[in-house]
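Structure below is query.tsv: TSV, C-alpha atoms.
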```tsv
chain	number	residue	atom	x	y	z
A	1391	MET	CA	0.00	0.00	0.00
A	1392	ASN	CA	1.33	3.38	-0.93
A	1393	THR	CA	1.57	5.48	2.22
A	1394	SER	CA	3.69	8.26	0.79
A	1395	SER	CA	0.85	10.81	1.09
A	1396	LEU	CA	0.19	10.02	4.73
A	1397	PRO	CA	2.66	12.58	6.14
A	1398	ASP	CA	1.12	15.31	3.99
A	1399	LEU	CA	-2.32	14.36	5.19
A	1400	ILE	CA	-1.31	14.47	8.83
A	1401	PHE	CA	0.51	17.75	8.32
A	1402	THR	CA	-2.66	19.21	6.86
A	1403	ILE	CA	-4.63	18.20	9.94
A	1404	LEU	CA	-1.86	19.55	12.13
A	1405	PHE	CA	-1.91	22.94	10.42
A	1406	PHE	CA	-5.67	23.01	10.68
A	1407	PHE	CA	-5.52	22.51	14.44
A	1408	MET	CA	-2.74	25.03	14.86
A	1409	MET	CA	-4.75	27.65	13.02
A	1410	VAL	CA	-8.03	27.01	14.81
A	1411	THR	CA	-6.52	27.10	18.27
A	1412	SER	CA	-4.41	30.15	17.66
A	1413	MET	CA	-7.43	32.01	16.34
A	1414	ARG	CA	-9.28	31.55	19.59
A	1415	GLU	CA	-6.44	32.80	21.71
A	1416	VAL	CA	-6.35	36.45	22.62
A	1417	THR	CA	-3.03	38.15	23.10
A	1418	MET	CA	-2.87	38.85	26.78
A	1419	MET	CA	-2.47	42.53	27.47
A	1420	VAL	CA	-2.91	42.14	31.20
A	1421	LYS	CA	-1.00	39.98	33.62
A	1422	VAL	CA	-3.37	37.47	35.17
A	1423	GLN	CA	-2.35	35.17	37.94
A	1424	LYS	CA	-5.56	33.33	38.65
A	1425	PRO	CA	-6.61	32.74	42.27
A	1426	GLN	CA	-6.67	29.22	43.61
A	1427	ALA	CA	-9.79	27.42	44.69
A	1428	SER	CA	-10.65	23.85	45.59
A	1429	GLN	CA	-14.32	23.61	44.63
A	1430	ILE	CA	-13.96	24.41	40.95
A	1431	GLU	CA	-16.13	23.16	38.13
A	1432	LYS	CA	-15.08	22.78	34.55
A	1433	LEU	CA	-16.62	25.13	32.06
A	1434	ALA	CA	-19.42	23.26	30.33
A	1435	ARG	CA	-19.13	24.71	26.87
A	1436	LYS	CA	-16.36	26.88	25.67
A	1437	SER	CA	-18.25	27.89	22.53
A	1438	CYS	CA	-20.84	29.87	24.49
A	1439	THR	CA	-18.42	31.65	26.78
A	1440	SER	CA	-17.01	35.15	26.63
A	1441	PHE	CA	-13.84	35.99	28.45
A	1442	ILE	CA	-13.09	39.17	30.32
A	1443	TYR	CA	-9.54	39.68	31.52
A	1444	ILE	CA	-8.76	42.02	34.39
A	1445	GLY	CA	-5.34	42.80	35.76
A	1446	GLN	CA	-2.35	45.09	35.46
A	1447	PRO	CA	-0.83	45.72	32.03
A	1448	THR	CA	1.91	43.30	31.08
A	1449	ASP	CA	5.52	44.37	31.57
A	1450	MET	CA	5.85	45.30	27.91
A	1451	LEU	CA	2.84	47.61	27.96
A	1452	ARG	CA	3.47	49.01	31.39
A	1453	GLY	CA	5.59	51.87	30.13
A	1454	GLN	CA	2.78	53.00	27.91
A	1455	TYR	CA	-0.26	52.38	30.08
A	1456	GLY	CA	1.04	52.54	33.63
A	1457	SER	CA	0.35	49.97	36.31
A	1458	GLY	CA	-3.31	50.66	37.06
A	1459	THR	CA	-5.79	47.80	36.85
A	1460	ARG	CA	-7.21	47.42	33.37
A	1461	ILE	CA	-10.05	45.48	31.78
A	1462	GLN	CA	-9.25	43.68	28.56
A	1463	LEU	CA	-11.98	42.82	26.06
A	1464	ASN	CA	-10.82	40.99	22.94
A	1465	ASP	CA	-7.61	42.75	21.96
A	1466	ARG	CA	-7.91	46.11	23.63
A	1467	TYR	CA	-8.28	47.83	26.95
A	1468	ALA	CA	-11.76	48.97	27.88
A	1469	GLU	CA	-13.71	50.72	30.59
A	1470	SER	CA	-16.26	48.83	32.66
A	1471	ASN	CA	-19.26	50.36	30.87
A	1472	GLU	CA	-17.97	49.02	27.55
A	1473	VAL	CA	-18.53	45.50	28.88
A	1474	TYR	CA	-22.23	45.96	28.11
A	1475	ASP	CA	-21.70	46.33	24.36
A	1476	PHE	CA	-19.11	43.57	24.37
A	1477	VAL	CA	-21.49	41.11	26.01
A	1478	MET	CA	-24.37	42.10	23.77
A	1479	ALA	CA	-22.29	41.74	20.60
A	1480	ASP	CA	-20.81	38.43	21.70
A	1481	ARG	CA	-24.17	36.98	22.62
A	1482	ALA	CA	-25.78	38.18	19.42
A	1483	SER	CA	-23.15	36.37	17.35
A	1484	MET	CA	-23.96	33.10	19.03
A	1485	ALA	CA	-26.27	30.37	17.78
A	1486	GLU	CA	-29.78	30.63	19.17
A	1487	SER	CA	-29.48	27.24	20.84
A	1488	ASP	CA	-26.36	28.35	22.71
A	1489	LYS	CA	-27.81	31.53	24.16
A	1490	PRO	CA	-29.38	30.01	27.29
A	1491	PHE	CA	-25.96	28.65	28.20
A	1492	TYR	CA	-24.19	31.94	27.71
A	1493	THR	CA	-21.56	32.32	30.39
A	1494	VAL	CA	-19.02	35.01	31.10
A	1495	SER	CA	-15.70	33.83	32.43
A	1496	LEU	CA	-13.87	36.39	34.53
A	1497	LYS	CA	-10.15	35.85	34.36
A	1498	VAL	CA	-9.01	38.17	37.07
A	1499	ASP	CA	-5.65	38.60	38.74
A	1500	HIS	CA	-5.81	37.77	42.42
A	1501	HIS	CA	-4.47	41.17	43.53
A	1502	THR	CA	-7.19	43.14	41.77
A	1503	PRO	CA	-9.26	45.37	44.05
A	1504	MET	CA	-12.89	44.24	44.22
A	1505	GLY	CA	-14.18	47.64	43.12
A	1506	VAL	CA	-13.34	46.99	39.48
A	1507	ILE	CA	-14.94	43.56	39.61
A	1508	THR	CA	-18.05	44.90	41.31
A	1509	ASP	CA	-18.41	47.49	38.55
A	1510	VAL	CA	-18.10	44.81	35.89
A	1511	LYS	CA	-20.58	42.60	37.72
A	1512	GLN	CA	-23.13	45.40	37.87
A	1513	VAL	CA	-22.77	45.94	34.13
A	1514	LEU	CA	-23.16	42.20	33.51
A	1515	ARG	CA	-26.37	42.22	35.52
A	1516	LYS	CA	-27.69	45.07	33.43
A	1517	ALA	CA	-26.84	43.11	30.29
A	1518	TYR	CA	-28.61	40.04	31.71
A	1519	ALA	CA	-25.43	38.00	31.49
A	1520	LEU	CA	-26.13	36.39	34.83
A	1521	LYS	CA	-24.07	33.23	34.56
A	1522	ILE	CA	-20.50	33.96	35.49
A	1523	VAL	CA	-17.46	31.91	36.34
A	1524	TYR	CA	-14.62	33.15	38.51
A	1525	SER	CA	-11.84	31.46	36.63
A	1526	SER	CA	-9.41	29.86	39.05
A	1527	ASP	CA	-6.75	27.22	39.31
A	1528	LYS	CA	-7.11	23.97	41.16
A	1529	ARG	CA	-5.67	24.06	44.65
A	1530	LYS	CA	-4.25	20.89	46.00
A	1531	GLN	CA	-5.58	20.00	49.39
B	493	MET	CA	22.04	6.46	-23.01
B	494	GLY	CA	18.58	5.21	-22.31
B	495	LYS	CA	19.43	4.02	-18.85
B	496	LYS	CA	17.04	5.15	-16.15
B	497	ARG	CA	18.75	7.08	-13.40
B	498	LYS	CA	17.95	5.73	-9.99
B	499	MET	CA	16.43	8.18	-7.46
B	500	PRO	CA	18.62	8.43	-4.42
B	501	GLY	CA	16.54	6.89	-1.69
B	502	LEU	CA	15.65	9.09	1.25
B	503	ASN	CA	13.89	7.18	3.91
B	504	THR	CA	10.72	9.16	4.71
B	505	SER	CA	8.80	6.44	6.42
B	506	SER	CA	9.18	8.14	9.82
B	507	THR	CA	7.74	11.48	8.68
B	508	ALA	CA	4.25	10.19	9.29
B	509	ASP	CA	5.15	9.22	12.84
B	510	ILE	CA	6.79	12.57	13.51
B	511	SER	CA	3.81	14.49	12.21
B	512	PHE	CA	1.48	12.26	14.20
B	513	MET	CA	3.42	13.09	17.31
B	514	LEU	CA	3.21	16.80	16.58
B	515	LEU	CA	-0.52	16.45	15.98
B	516	ILE	CA	-1.05	14.65	19.26
B	517	PHE	CA	1.07	17.23	21.05
B	518	PHE	CA	-1.10	20.06	19.76
B	519	LEU	CA	-4.29	18.19	20.49
B	520	THR	CA	-3.36	17.57	24.10
B	521	THR	CA	-1.94	21.00	24.87
B	522	THR	CA	-4.94	22.83	23.45
B	523	SER	CA	-7.51	20.65	25.17
B	524	MET	CA	-5.67	21.11	28.46
B	525	ASP	CA	-6.51	24.78	28.20
B	526	THR	CA	-10.10	24.13	29.34
B	527	ASP	CA	-11.22	26.79	31.69
B	528	ALA	CA	-12.42	26.00	35.19
B	529	GLY	CA	-13.59	28.09	38.07
B	530	LEU	CA	-16.27	28.91	40.60
B	531	ALA	CA	-19.63	29.14	38.86
B	532	ARG	CA	-22.02	31.79	40.14
B	533	THR	CA	-25.35	33.23	39.11
B	534	LEU	CA	-25.82	36.95	39.51
B	535	PRO	CA	-29.17	38.33	40.66
B	536	LYS	CA	-31.36	40.04	38.11
B	537	PRO	CA	-30.84	43.79	37.82
B	538	PRO	CA	-33.01	45.77	40.22
B	539	GLU	CA	-36.15	47.27	38.72
B	540	ASP	CA	-36.46	51.00	39.22
B	541	ASP	CA	-39.78	50.91	41.05
B	542	GLN	CA	-38.77	48.28	43.57
B	543	LYS	CA	-35.40	49.67	44.43
B	544	ASN	CA	-36.27	50.34	48.05
B	545	ASN	CA	-38.56	47.38	48.35
B	546	GLU	CA	-35.89	44.89	49.30
B	547	MET	CA	-36.86	41.49	50.51
B	548	LYS	CA	-37.15	41.46	54.25
B	549	VAL	CA	-35.15	38.69	55.83
B	550	LYS	CA	-35.20	37.97	59.52
B	551	GLU	CA	-31.99	38.94	61.19
B	552	ARG	CA	-31.28	35.47	62.51
B	553	ASN	CA	-31.43	34.12	58.96
B	554	ILE	CA	-28.58	36.23	57.64
B	555	LEU	CA	-24.91	35.51	58.02
B	556	ASN	CA	-23.00	38.61	57.11
B	557	ILE	CA	-19.44	38.19	56.01
B	558	ARG	CA	-17.69	41.48	55.50
B	559	ILE	CA	-14.22	41.97	54.12
B	560	ASN	CA	-12.64	45.40	54.44
B	561	LYS	CA	-10.03	47.05	52.28
B	562	ASP	CA	-7.19	45.65	54.36
B	563	ASN	CA	-8.57	42.16	53.80
B	564	TYR	CA	-9.75	41.72	57.40
B	565	LEU	CA	-12.77	39.50	57.83
B	566	LEU	CA	-15.84	40.04	59.94
B	567	ILE	CA	-18.26	37.15	60.28
B	568	GLY	CA	-21.42	38.33	61.99
B	569	ASN	CA	-19.90	40.52	64.66
B	570	ASP	CA	-16.62	38.69	65.20
B	571	TYR	CA	-13.25	39.09	63.62
B	572	ALA	CA	-12.21	35.94	61.83
B	573	THR	CA	-9.63	34.46	59.53
B	574	PRO	CA	-10.41	32.91	56.14
B	575	GLU	CA	-9.86	29.49	57.68
B	576	ASP	CA	-12.82	30.02	60.04
B	577	VAL	CA	-15.30	30.71	57.25
B	578	LYS	CA	-16.05	27.10	56.39
B	579	GLU	CA	-16.81	25.98	59.95
B	580	ARG	CA	-18.87	29.06	60.72
B	581	ALA	CA	-20.85	28.61	57.53
B	582	LYS	CA	-21.50	24.94	58.21
B	583	GLU	CA	-22.64	25.67	61.73
B	584	PHE	CA	-24.89	28.41	60.40
B	585	ILE	CA	-26.45	26.41	57.57
B	586	LYS	CA	-27.04	23.33	59.66
B	587	ASN	CA	-28.13	24.82	63.01
B	588	GLU	CA	-28.03	21.41	64.62
B	589	LYS	CA	-28.91	22.53	68.14
B	590	ASN	CA	-31.73	24.83	67.08
B	591	ASP	CA	-29.88	27.85	68.43
B	592	PRO	CA	-32.18	30.90	68.47
B	593	ASN	CA	-29.36	33.04	67.00
B	594	LEU	CA	-28.91	30.76	64.02
B	595	PRO	CA	-31.42	30.48	61.16
B	596	GLU	CA	-34.83	29.06	61.95
B	597	LEU	CA	-35.50	25.43	61.20
B	598	LEU	CA	-38.57	24.92	59.07
B	599	PRO	CA	-40.06	21.62	58.01
B	600	THR	CA	-39.56	21.15	54.30
B	601	LYS	CA	-41.39	18.47	52.39
B	602	ILE	CA	-38.97	16.59	50.20
B	603	LYS	CA	-40.88	14.65	47.58
B	604	TYR	CA	-38.16	12.20	46.77
B	605	LEU	CA	-37.78	11.09	50.38
B	606	GLY	CA	-41.51	11.16	51.05
B	607	ARG	CA	-41.16	12.98	54.35
B	608	SER	CA	-40.43	16.36	55.84
B	609	ILE	CA	-37.04	17.40	57.09
B	610	LEU	CA	-36.16	20.37	59.26
B	611	THR	CA	-34.04	22.66	57.16
B	612	THR	CA	-32.85	26.23	57.33
B	613	SER	CA	-34.46	26.99	54.00
B	614	GLN	CA	-34.70	30.71	54.70
B	615	HIS	CA	-31.02	31.29	55.40
B	616	VAL	CA	-28.91	33.69	53.38
B	617	ILE	CA	-25.16	34.14	53.43
B	618	SER	CA	-24.20	37.58	52.34
B	619	VAL	CA	-20.67	38.49	51.35
B	620	GLN	CA	-19.87	42.17	51.34
B	621	THR	CA	-16.62	43.58	50.14
B	622	ASP	CA	-15.03	46.96	50.04
B	623	ARG	CA	-13.84	48.43	46.78
B	624	GLY	CA	-10.28	47.89	47.94
B	625	THR	CA	-10.64	44.25	48.97
B	626	ASP	CA	-8.32	41.84	47.21
B	627	TYR	CA	-10.05	39.60	44.71
B	628	GLY	CA	-7.92	36.70	45.96
B	629	VAL	CA	-9.39	36.97	49.46
B	630	TYR	CA	-12.90	37.19	48.06
B	631	ILE	CA	-12.33	33.96	46.12
B	632	ILE	CA	-10.95	32.22	49.22
B	633	VAL	CA	-14.15	33.12	51.08
B	634	GLN	CA	-16.41	32.09	48.21
B	635	ASP	CA	-14.50	28.85	47.85
B	636	ALA	CA	-14.84	28.13	51.57
B	637	LEU	CA	-18.60	28.74	51.41
B	638	ILE	CA	-19.05	26.37	48.49
B	639	GLN	CA	-16.91	23.86	50.32
B	640	ALA	CA	-19.18	24.17	53.36
B	641	TYR	CA	-22.23	23.41	51.23
B	642	ASN	CA	-20.52	20.53	49.47
B	643	GLU	CA	-19.43	18.96	52.74
B	644	LEU	CA	-22.89	19.24	54.26
B	645	ARG	CA	-24.44	17.72	51.15
B	646	ASP	CA	-21.91	14.94	51.23
B	647	GLU	CA	-22.61	14.23	54.91
B	648	PHE	CA	-26.32	14.10	54.21
B	649	ALA	CA	-25.82	11.80	51.23
B	650	ARG	CA	-23.77	9.42	53.34
B	651	ALA	CA	-26.34	9.38	56.14
B	652	GLU	CA	-29.37	9.06	53.88
B	653	PHE	CA	-28.23	7.12	50.84
B	654	HIS	CA	-25.09	5.50	52.25
B	655	HIS	CA	-22.80	6.71	49.52
B	656	PRO	CA	-21.00	9.99	48.79
B	657	TYR	CA	-22.71	12.87	47.02
B	658	GLU	CA	-20.77	12.43	43.81
B	659	PHE	CA	-22.18	8.92	43.34
B	660	CYS	CA	-25.78	10.02	43.86
B	661	SER	CA	-28.30	9.82	41.05
B	662	ASP	CA	-29.73	13.04	39.67
B	663	ASP	CA	-32.93	12.61	41.70
B	664	GLU	CA	-30.98	12.10	44.91
B	665	LYS	CA	-28.83	15.10	44.15
B	666	ALA	CA	-31.92	17.22	43.58
B	667	ALA	CA	-33.36	16.07	46.90
B	668	ILE	CA	-30.14	16.91	48.73
B	669	ARG	CA	-30.04	20.31	47.08
B	670	GLU	CA	-33.52	20.91	48.47
B	671	VAL	CA	-32.27	20.10	51.95
B	672	TYR	CA	-29.21	22.32	51.60
B	673	PRO	CA	-30.00	24.97	49.00
B	674	GLN	CA	-27.06	27.16	48.13
B	675	LYS	CA	-27.89	30.69	49.10
B	676	ILE	CA	-24.97	33.00	48.78
B	677	SER	CA	-26.04	36.53	48.10
B	678	GLU	CA	-24.02	38.89	46.02
B	679	ALA	CA	-24.73	41.94	48.10
B	680	GLU	CA	-25.19	45.30	46.47
B	681	PRO	CA	-21.88	47.12	46.58
B	682	LYS	CA	-21.37	49.66	49.29
B	683	LYS	CA	-18.61	52.09	49.94
B	684	TYR	CA	-17.20	51.99	53.43
B	685	GLY	CA	-14.08	53.75	54.52
B	686	GLN	CA	-12.20	54.39	51.35
B	687	ALA	CA	-8.64	55.55	51.45
B	688	LEU	CA	-8.33	59.16	50.44
```
I need this file expressed as structure tokens, please.
Amino acid sequence: MNTSSLPDLIFTILFFFMMVTSMREVTMMVKVQKPQASQIEKLARKSCTSFIYIGQPTDMLRGQYGSGTRIQLNDRYAESNEVYDFVMADRASMAESDKPFYTVSLKVDHHTPMGVITDVKQVLRKAYALKIVYSSDKRKQ
Amino acid sequence: MGKKRKMPGLNTSSTADISFMLLIFFLTTTSMDTDAGLARTLPKPPEDDQKNNEMKVKERNILNIRINKDNYLLIGNDYATPEDVKERAKEFIKNEKNDPNLPELLPTKIKYLGRSILTTSQHVISVQTDRGTDYGVYIIVQDALIQAYNELRDEFARAEFHHPYEFCSDDEKAAIREVYPQKISEAEPKKYGQAL
């Protein structure tokens, strides 16, 4: 059996996966060291989840933006009231069947003051994005 | 000269294996990226006309946990450390000795069990933070509260169904959740002493 095309085939699949996964990833503009928790649940569906990153700008961007806590939506910094439009746009782009499962994952650095998070939470309530996940790492007991 | 020139043989039979390995590497690393965390449901936004019409809850049914901007904890009226939260919460939710300062025990009819059980169905645990509170401390407290609920549910499952909560059927789990409903309130934000 001629298997000479097998490597090409596999490489094609490989490139496909590399592209798909890199497309999902957002370049981190904030430094996030997630808090640790023991009672965590895995996110049910990644396809119906929006991510909000909150933390200090990364070392590279610190010179430009200072060290104040920032909210990152997609690939830019935003204010807390912009979360409303972000959530609305993200949810609107989703399939109708996914909308009841819409979840917002908050990836927040553990040194962030609660004030910022409270502001974001109030905006999320207004946008009726009531399911949230405080993203955290597994703590060993 | 009509002789065919032989192709120099380069052994490529291992390319498939190498690319397979790369493929598997990418598959595993990307799937490991699954996100996990503490799931919460926020309350619905307050309607304008019922802003001041907050639900009245009896004082004994509320456990207030306050965290100030220096990350000090106040449970009820006592100073506490994050390690105390779980035990205090368990004691509060369970109210084994029917303490008049802890939430009232009300008989709750549980369909699945076919009988009524005394539960503290009216209890509320409220976590209040300052704007300056560290998110890390907040998560520790939230985690401890969820742990308190999970341990109580597990204890009940062992006593009632003789196996741990995670092995319960969906009906059993629903019944246990009726006995120990998770009631952690996301309190409306308030500003206490803010640093100038």
Original post:
When distances are computed from only C-alpha atoms, which of A:Met1484, A:Ala1468, A:Met1504, A:Ala1519 shows the smallest separation from chain B?
Top reply: A:Met1504
**OP:** Using all atoms listed in the file, determine which residues lie at most 9 Å from segment 627-635 of chain B, disregarding the query and same-chain residues fewer than 2 positions distant; provide the list as a VMD selection string.
**Re:** (chain A and resid 1424 to 1430 1498 to 1504 1507 1524 1526) or (chain B and resid 530 557 559 563 574 to 575 577 to 578 619 621 624 to 625 637 to 640 676)
How would the residues just chosen look if you wrote them out with C-alpha atoms as a compact mmCIF listing (two decimals), in the frame of the given file?
```txt
# COMPACT_ATOMS: atom_id res chain seq x y z
CA LYS A 1424 -5.56 33.33 38.65
CA PRO A 1425 -6.61 32.74 42.27
CA GLN A 1426 -6.67 29.22 43.61
CA ALA A 1427 -9.79 27.42 44.69
CA SER A 1428 -10.65 23.85 45.59
CA GLN A 1429 -14.32 23.61 44.63
CA ILE A 1430 -13.96 24.41 40.95
CA VAL A 1498 -9.01 38.17 37.07
CA ASP A 1499 -5.65 38.60 38.74
CA HIS A 1500 -5.81 37.77 42.42
CA HIS A 1501 -4.47 41.17 43.53
CA THR A 1502 -7.19 43.14 41.77
CA PRO A 1503 -9.26 45.37 44.05
CA MET A 1504 -12.89 44.24 44.22
CA ILE A 1507 -14.94 43.56 39.61
CA TYR A 1524 -14.62 33.15 38.51
CA SER A 1526 -9.41 29.86 39.05
CA LEU B 530 -16.27 28.91 40.60
CA ILE B 557 -19.44 38.19 56.01
CA ILE B 559 -14.22 41.97 54.12
CA ASN B 563 -8.57 42.16 53.80
CA PRO B 574 -10.41 32.91 56.14
CA GLU B 575 -9.86 29.49 57.68
CA VAL B 577 -15.30 30.71 57.25
CA LYS B 578 -16.05 27.10 56.39
CA VAL B 619 -20.67 38.49 51.35
CA THR B 621 -16.62 43.58 50.14
CA GLY B 624 -10.28 47.89 47.94
CA THR B 625 -10.64 44.25 48.97
CA LEU B 637 -18.60 28.74 51.41
CA ILE B 638 -19.05 26.37 48.49
CA GLN B 639 -16.91 23.86 50.32
CA ALA B 640 -19.18 24.17 53.36
CA ILE B 676 -24.97 33.00 48.78
```
Original post:
Interatomic distance between atom CA of Leu610 of chain B and atom CA of Leu598 of chain B?
Top reply: 5.2 Å
Pick out the residues sitting within 9 Å of segment 1494-1497 of chain A, and hand them over as an mmCIF file with C-alpha atoms, keeping the file's coordinate frame; count only C-alpha atoms, and ignore anything fewer than 2 positions along from it in its own chain.
```
data_model
loop_
_atom_site.group_PDB
_atom_site.id
_atom_site.type_symbol
_atom_site.label_atom_id
_atom_site.label_comp_id
_atom_site.auth_asym_id
_atom_site.auth_seq_id
_atom_site.Cartn_x
_atom_site.Cartn_y
_atom_site.Cartn_z
ATOM 1 C CA VAL A 1422 -3.370 37.470 35.170
ATOM 2 C CA GLN A 1423 -2.350 35.170 37.940
ATOM 3 C CA LYS A 1424 -5.560 33.330 38.650
ATOM 4 C CA LEU A 1433 -16.620 25.130 32.060
ATOM 5 C CA CYS A 1438 -20.840 29.870 24.490
ATOM 6 C CA THR A 1439 -18.420 31.650 26.780
ATOM 7 C CA SER A 1440 -17.010 35.150 26.630
ATOM 8 C CA PHE A 1441 -13.840 35.990 28.450
ATOM 9 C CA ILE A 1442 -13.090 39.170 30.320
ATOM 10 C CA TYR A 1443 -9.540 39.680 31.520
ATOM 11 C CA ILE A 1444 -8.760 42.020 34.390
ATOM 12 C CA GLY A 1445 -5.340 42.800 35.760
ATOM 13 C CA VAL A 1477 -21.490 41.110 26.010
ATOM 14 C CA TYR A 1492 -24.190 31.940 27.710
ATOM 15 C CA ASP A 1499 -5.650 38.600 38.740
ATOM 16 C CA ILE A 1507 -14.940 43.560 39.610
ATOM 17 C CA LEU A 1514 -23.160 42.200 33.510
ATOM 18 C CA ALA A 1519 -25.430 38.000 31.490
ATOM 19 C CA LEU A 1520 -26.130 36.390 34.830
ATOM 20 C CA LYS A 1521 -24.070 33.230 34.560
ATOM 21 C CA ILE A 1522 -20.500 33.960 35.490
ATOM 22 C CA VAL A 1523 -17.460 31.910 36.340
ATOM 23 C CA TYR A 1524 -14.620 33.150 38.510
ATOM 24 C CA SER A 1525 -11.840 31.460 36.630
ATOM 25 C CA SER A 1526 -9.410 29.860 39.050
ATOM 26 C CA ASP B 527 -11.220 26.790 31.690
ATOM 27 C CA ALA B 528 -12.420 26.000 35.190
ATOM 28 C CA GLY B 529 -13.590 28.090 38.070
ATOM 29 C CA ALA B 531 -19.630 29.140 38.860
#
```
**OP:** Between B:Asp591, B:Glu539, B:Asp570, B:Asp626, single out the one closest to chain A, counting all atoms listed in the file.
**Re:** B:Asp626
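Using all atoms listed in the file, the nearest neighbour of chain A within the list B:Phe653, B:Tyr571, B:Tyr641, B:Tyr604 is B:Tyr641.
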Around (-28.5, 42.2, 30.5) in the file's own coordinates, what residues are found within 10 Å if you use only C-alpha atoms, given back as a compact mmCIF listing (two decimals) with C-alpha atoms, in the coordinates of the input?
```txt
# COMPACT_ATOMS: atom_id res chain seq x y z
CA TYR A 1474 -22.23 45.96 28.11
CA VAL A 1477 -21.49 41.11 26.01
CA MET A 1478 -24.37 42.10 23.77
CA GLN A 1512 -23.13 45.40 37.87
CA VAL A 1513 -22.77 45.94 34.13
CA LEU A 1514 -23.16 42.20 33.51
CA ARG A 1515 -26.37 42.22 35.52
CA LYS A 1516 -27.69 45.07 33.43
CA ALA A 1517 -26.84 43.11 30.29
CA TYR A 1518 -28.61 40.04 31.71
CA ALA A 1519 -25.43 38.00 31.49
CA LEU A 1520 -26.13 36.39 34.83
CA LYS B 536 -31.36 40.04 38.11
CA PRO B 537 -30.84 43.79 37.82
```
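For the pair atom CA of Ile585 of chain B and atom CA of Lys1528 of chain A, the interatomic distance is 25.5 Å.
Closest approach to chain A among B:Leu594, B:Ala581, B:Ala666, B:Ala636: B:Ala636, based on all atoms listed in the file.
Going from atom CA of Arg532 of chain B to atom CA of Thr1417 of chain A covers 26.3 Å.
The shortest atom-to-atom distance to Glu1469 of chain A, with all atoms listed in the file taken into account, belongs to A:Asp1509 out of A:Asp1509, A:Gly1453, A:Asp1527, A:Val1420.
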Extending 6 Å beyond the listed atoms of segment 549-557 of chain B on each side, what axis-aligned box results? I want centre and edge lengths in Å to one decimal, as lines of an AutoDock Vina configuration file.
```
center_x = -27.3
center_y = 36.5
center_z = 59.2
size_x = 27.8
size_y = 16.8
size_z = 18.7
```
Skipping near chain neighbours, those fewer than 2 positions away, what residues fall within 12 Å of Asn587 of chain B using only C-alpha atoms, listed as a short mmCIF file (atom, residue, chain, number, x, y, z; two decimals) with C-alpha atoms, in the coordinates of the input?
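Saved result, result_33.cif, follows:
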```cif
data_model
loop_
_atom_site.label_atom_id
_atom_site.label_comp_id
_atom_site.auth_asym_id
_atom_site.auth_seq_id
_atom_site.Cartn_x
_atom_site.Cartn_y
_atom_site.Cartn_z
CA ARG B 552 -31.28 35.47 62.51
CA ASN B 553 -31.43 34.12 58.96
CA GLU B 579 -16.81 25.98 59.95
CA ARG B 580 -18.87 29.06 60.72
CA ALA B 581 -20.85 28.61 57.53
CA LYS B 582 -21.50 24.94 58.21
CA GLU B 583 -22.64 25.67 61.73
CA PHE B 584 -24.89 28.41 60.40
CA ILE B 585 -26.45 26.41 57.57
CA LYS B 589 -28.91 22.53 68.14
CA ASN B 590 -31.73 24.83 67.08
CA ASP B 591 -29.88 27.85 68.43
CA PRO B 592 -32.18 30.90 68.47
CA ASN B 593 -29.36 33.04 67.00
CA LEU B 594 -28.91 30.76 64.02
CA PRO B 595 -31.42 30.48 61.16
CA GLU B 596 -34.83 29.06 61.95
CA LEU B 597 -35.50 25.43 61.20
CA LEU B 598 -38.57 24.92 59.07
CA LEU B 610 -36.16 20.37 59.26
CA THR B 611 -34.04 22.66 57.16
CA THR B 612 -32.85 26.23 57.33
CA SER B 613 -34.46 26.99 54.00
CA HIS B 615 -31.02 31.29 55.40
CA LEU B 644 -22.89 19.24 54.26
CA TYR B 672 -29.21 22.32 51.60
#
```
Original post:
Can you tell me, as a PyMOL selection string, what residues are no more than 10 Å from Ile1400 of chain A when counting only C-alpha atoms, ignoring any on the same chain fewer than 5 positions away?
Top reply: (chain A and resi 1395+1405-1406) or (chain B and resi 507-515)
Give me a file of those residues, with C-alpha atoms, as a PDB file, in the frame of the given file.
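As a result, result.pdb now contains:
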```
ATOM      1  CA  SER A1395       0.850  10.810   1.090  1.00  0.00           C
ATOM      2  CA  PHE A1405      -1.910  22.940  10.420  1.00  0.00           C
ATOM      3  CA  PHE A1406      -5.670  23.010  10.680  1.00  0.00           C
TER       4      PHE A1406
ATOM      5  CA  THR B 507       7.740  11.480   8.680  1.00  0.00           C
ATOM      6  CA  ALA B 508       4.250  10.190   9.290  1.00  0.00           C
ATOM      7  CA  ASP B 509       5.150   9.220  12.840  1.00  0.00           C
ATOM      8  CA  ILE B 510       6.790  12.570  13.510  1.00  0.00           C
ATOM      9  CA  SER B 511       3.810  14.490  12.210  1.00  0.00           C
ATOM     10  CA  PHE B 512       1.480  12.260  14.200  1.00  0.00           C
ATOM     11  CA  MET B 513       3.420  13.090  17.310  1.00  0.00           C
ATOM     12  CA  LEU B 514       3.210  16.800  16.580  1.00  0.00           C
ATOM     13  CA  LEU B 515      -0.520  16.450  15.980  1.00  0.00           C
TER      14      LEU B 515
END
```
Original post:
Which one of B:Gln614, B:Thr533, B:Asn556, B:Thr520 sits closest to chain A if you count only C-alpha atoms?
Top reply: B:Thr533
Save C-alpha atoms of segment 572-582 of chain B from the block above as a short mmCIF file (atom, residue, chain, number, x, y, z; two decimals), in the first residue's frame.
```cif
data_model
loop_
_atom_site.label_atom_id
_atom_site.label_comp_id
_atom_site.auth_asym_id
_atom_site.auth_seq_id
_atom_site.Cartn_x
_atom_site.Cartn_y
_atom_site.Cartn_z
CA ALA B 572 -12.21 35.94 61.83
CA THR B 573 -9.63 34.46 59.53
CA PRO B 574 -10.41 32.91 56.14
CA GLU B 575 -9.86 29.49 57.68
CA ASP B 576 -12.82 30.02 60.04
CA VAL B 577 -15.30 30.71 57.25
CA LYS B 578 -16.05 27.10 56.39
CA GLU B 579 -16.81 25.98 59.95
CA ARG B 580 -18.87 29.06 60.72
CA ALA B 581 -20.85 28.61 57.53
CA LYS B 582 -21.50 24.94 58.21
#
```
